[in-house]
$ cat start_33.txt   # compact mmCIF, N, CA and C atoms
# COMPACT_ATOMS: atom_id res chain seq x y z
N MET A 1 123.08 103.52 104.85
CA MET A 1 121.84 103.17 105.52
C MET A 1 120.66 103.85 104.84
N THR A 2 119.52 103.19 104.92
CA THR A 2 118.30 103.74 104.34
C THR A 2 117.59 104.54 105.42
N ASP A 3 117.19 105.76 105.07
CA ASP A 3 116.49 106.57 106.06
C ASP A 3 114.99 106.31 106.01
N VAL A 4 114.28 106.79 107.01
CA VAL A 4 112.85 106.54 107.16
C VAL A 4 112.05 107.08 105.97
N ALA A 5 112.40 108.23 105.46
CA ALA A 5 111.68 108.81 104.32
C ALA A 5 111.79 107.91 103.09
N THR A 6 112.94 107.33 102.88
CA THR A 6 113.14 106.43 101.74
C THR A 6 112.29 105.18 101.90
N ILE A 7 112.28 104.62 103.09
CA ILE A 7 111.47 103.43 103.36
C ILE A 7 110.00 103.74 103.15
N GLU A 8 109.56 104.88 103.65
CA GLU A 8 108.16 105.28 103.49
C GLU A 8 107.82 105.44 102.01
N ALA A 9 108.69 106.04 101.23
CA ALA A 9 108.46 106.23 99.80
C ALA A 9 108.38 104.88 99.10
N LEU A 10 109.24 103.95 99.48
CA LEU A 10 109.21 102.61 98.88
C LEU A 10 107.90 101.91 99.21
N ASP A 11 107.44 102.03 100.46
CA ASP A 11 106.18 101.42 100.86
C ASP A 11 105.03 101.98 100.04
N ILE A 12 104.99 103.28 99.86
CA ILE A 12 103.92 103.91 99.08
C ILE A 12 103.98 103.44 97.64
N SER A 13 105.17 103.32 97.11
CA SER A 13 105.33 102.84 95.74
C SER A 13 104.83 101.41 95.60
N VAL A 14 105.16 100.57 96.55
CA VAL A 14 104.72 99.18 96.53
C VAL A 14 103.20 99.12 96.65
N ILE A 15 102.63 99.91 97.55
CA ILE A 15 101.18 99.92 97.71
C ILE A 15 100.50 100.39 96.43
N ARG A 16 101.04 101.40 95.80
CA ARG A 16 100.48 101.88 94.52
C ARG A 16 100.52 100.76 93.48
N ASN A 17 101.62 100.04 93.42
CA ASN A 17 101.72 98.92 92.47
C ASN A 17 100.76 97.79 92.82
N ILE A 18 100.59 97.53 94.10
CA ILE A 18 99.65 96.50 94.54
C ILE A 18 98.23 96.88 94.11
N LEU A 19 97.85 98.14 94.35
CA LEU A 19 96.52 98.59 93.97
C LEU A 19 96.31 98.47 92.47
N ARG A 20 97.30 98.87 91.70
CA ARG A 20 97.21 98.78 90.24
C ARG A 20 97.04 97.31 89.81
N SER A 21 97.79 96.43 90.42
CA SER A 21 97.70 95.01 90.09
C SER A 21 96.35 94.43 90.49
N MET A 22 95.82 94.87 91.62
CA MET A 22 94.52 94.39 92.05
C MET A 22 93.45 94.73 91.01
N VAL A 23 93.53 95.92 90.46
CA VAL A 23 92.56 96.34 89.46
C VAL A 23 92.80 95.61 88.14
N ASN A 24 94.03 95.63 87.67
CA ASN A 24 94.34 95.04 86.35
C ASN A 24 94.20 93.53 86.32
N GLU A 25 94.57 92.87 87.40
CA GLU A 25 94.58 91.41 87.43
C GLU A 25 93.38 90.82 88.16
N HIS A 26 92.54 91.69 88.73
CA HIS A 26 91.35 91.26 89.49
C HIS A 26 91.76 90.40 90.69
N TRP A 27 92.84 90.81 91.35
CA TRP A 27 93.32 90.09 92.52
C TRP A 27 92.65 90.60 93.78
N SER A 28 92.54 89.74 94.76
CA SER A 28 92.14 90.16 96.11
C SER A 28 93.37 90.76 96.78
N VAL A 29 93.17 91.36 97.93
CA VAL A 29 94.30 91.93 98.67
C VAL A 29 95.30 90.83 99.01
N SER A 30 94.81 89.71 99.50
CA SER A 30 95.74 88.64 99.89
C SER A 30 96.50 88.08 98.68
N GLU A 31 95.84 87.97 97.53
CA GLU A 31 96.54 87.50 96.32
C GLU A 31 97.63 88.49 95.92
N ALA A 32 97.31 89.78 95.99
CA ALA A 32 98.30 90.80 95.63
C ALA A 32 99.48 90.78 96.59
N LEU A 33 99.21 90.64 97.89
CA LEU A 33 100.30 90.59 98.86
C LEU A 33 101.17 89.36 98.63
N ASP A 34 100.55 88.26 98.24
CA ASP A 34 101.31 87.05 97.91
C ASP A 34 102.21 87.30 96.70
N GLU A 35 101.64 87.90 95.66
CA GLU A 35 102.39 88.15 94.43
C GLU A 35 103.58 89.08 94.66
N TYR A 36 103.42 90.04 95.58
CA TYR A 36 104.49 90.99 95.86
C TYR A 36 105.39 90.52 97.00
N ASP A 37 105.19 89.29 97.46
CA ASP A 37 106.03 88.68 98.51
C ASP A 37 106.15 89.54 99.75
N ILE A 38 105.02 90.09 100.20
CA ILE A 38 105.01 90.87 101.43
C ILE A 38 105.09 89.89 102.60
N PRO A 39 106.07 90.07 103.49
CA PRO A 39 106.23 89.14 104.62
C PRO A 39 105.00 89.15 105.55
N GLU A 40 104.75 88.02 106.17
CA GLU A 40 103.59 87.88 107.07
C GLU A 40 103.55 88.96 108.14
N GLU A 41 104.69 89.32 108.70
CA GLU A 41 104.72 90.29 109.79
C GLU A 41 104.36 91.70 109.34
N LEU A 42 104.39 91.97 108.04
CA LEU A 42 104.04 93.30 107.52
C LEU A 42 102.67 93.34 106.87
N ARG A 43 102.03 92.21 106.70
CA ARG A 43 100.76 92.16 105.97
C ARG A 43 99.66 92.98 106.63
N GLY A 44 99.58 92.96 107.93
CA GLY A 44 98.56 93.75 108.63
C GLY A 44 98.69 95.23 108.33
N GLU A 45 99.91 95.71 108.36
CA GLU A 45 100.18 97.13 108.05
C GLU A 45 99.80 97.46 106.61
N TYR A 46 100.18 96.60 105.69
CA TYR A 46 99.85 96.83 104.28
C TYR A 46 98.34 96.77 104.06
N GLU A 47 97.67 95.81 104.69
CA GLU A 47 96.22 95.71 104.55
C GLU A 47 95.54 96.98 105.04
N GLU A 48 96.00 97.52 106.17
CA GLU A 48 95.43 98.76 106.70
C GLU A 48 95.64 99.92 105.74
N ARG A 49 96.83 100.03 105.17
CA ARG A 49 97.12 101.12 104.22
C ARG A 49 96.28 100.99 102.96
N ILE A 50 96.11 99.78 102.48
CA ILE A 50 95.29 99.55 101.29
C ILE A 50 93.83 99.88 101.60
N GLU A 51 93.37 99.48 102.77
CA GLU A 51 91.99 99.77 103.18
C GLU A 51 91.74 101.28 103.21
N GLN A 52 92.72 102.04 103.66
CA GLN A 52 92.58 103.50 103.73
C GLN A 52 92.37 104.12 102.35
N CYS A 53 92.82 103.46 101.32
CA CYS A 53 92.65 103.96 99.95
C CYS A 53 91.20 103.86 99.50
N PHE A 54 90.41 103.03 100.17
CA PHE A 54 89.03 102.81 99.77
C PHE A 54 88.00 103.43 100.72
N ILE A 55 88.47 104.02 101.82
CA ILE A 55 87.58 104.60 102.82
C ILE A 55 87.75 106.11 102.81
N ASP A 56 86.62 106.81 102.78
CA ASP A 56 86.64 108.27 102.81
C ASP A 56 87.01 108.78 104.18

$ encode --input "start_33.txt" --output "structure tokens"
Amino acid sequence: MTDVATIEALDISVIRNILRSMVNEHWSVSEALDEYDIPEELRGEYEERIEQCFID
């Protein structure tokens, strides 16, 4: 079984890759989430985490 810490680390890794792709490919958040096949039910959570990267 995968523990919570592993899942959290994977999420952070995916978010880091999404951010890098957004910069390198000039993607919007929704384009990046599409490219990384983030399921609809998780998109709100990912959008919030990505937003936190841009807000002080």

$ atom_distance --input "start_33.txt" --atom1 "atom N of Glu51 in chain A" --atom2 "atom N of Arg20 in chain A"
11.8 Å

$ residues_near_point --input "start_33.txt" --point "(100.1, 94.8, 106.6)" --cutoff "12 Å" --atoms "only C-alpha atoms" --output "list in words"
Asp11, Val14, Ile15, Val29, Ser30, Ala32, Leu33, Asp34, Asp37, Ile38, Pro39, Glu40, Glu41, Leu42, Arg43, Gly44, Glu45, Tyr46, Glu47, Glu48, Arg49, Ile50, Glu51 and Gln52 of chain A

$ select_by_dssp --input "start_33.txt" --residues "range 14-50 of chain A" --states "helix (DSSP H, G or I)" --output "ChimeraX atom specification"
/A:14-25,29-35,40-50

$ atom_distance --input "start_33.txt" --atom1 "atom C of Glu35 in chain A" --atom2 "atom C of Cys53 in chain A"
19.9 Å

$ atom_distance --input "start_33.txt" --atom1 "CA of Ser13 in chain A" --atom2 "atom C of Tyr36 in chain A"
12.4 Å
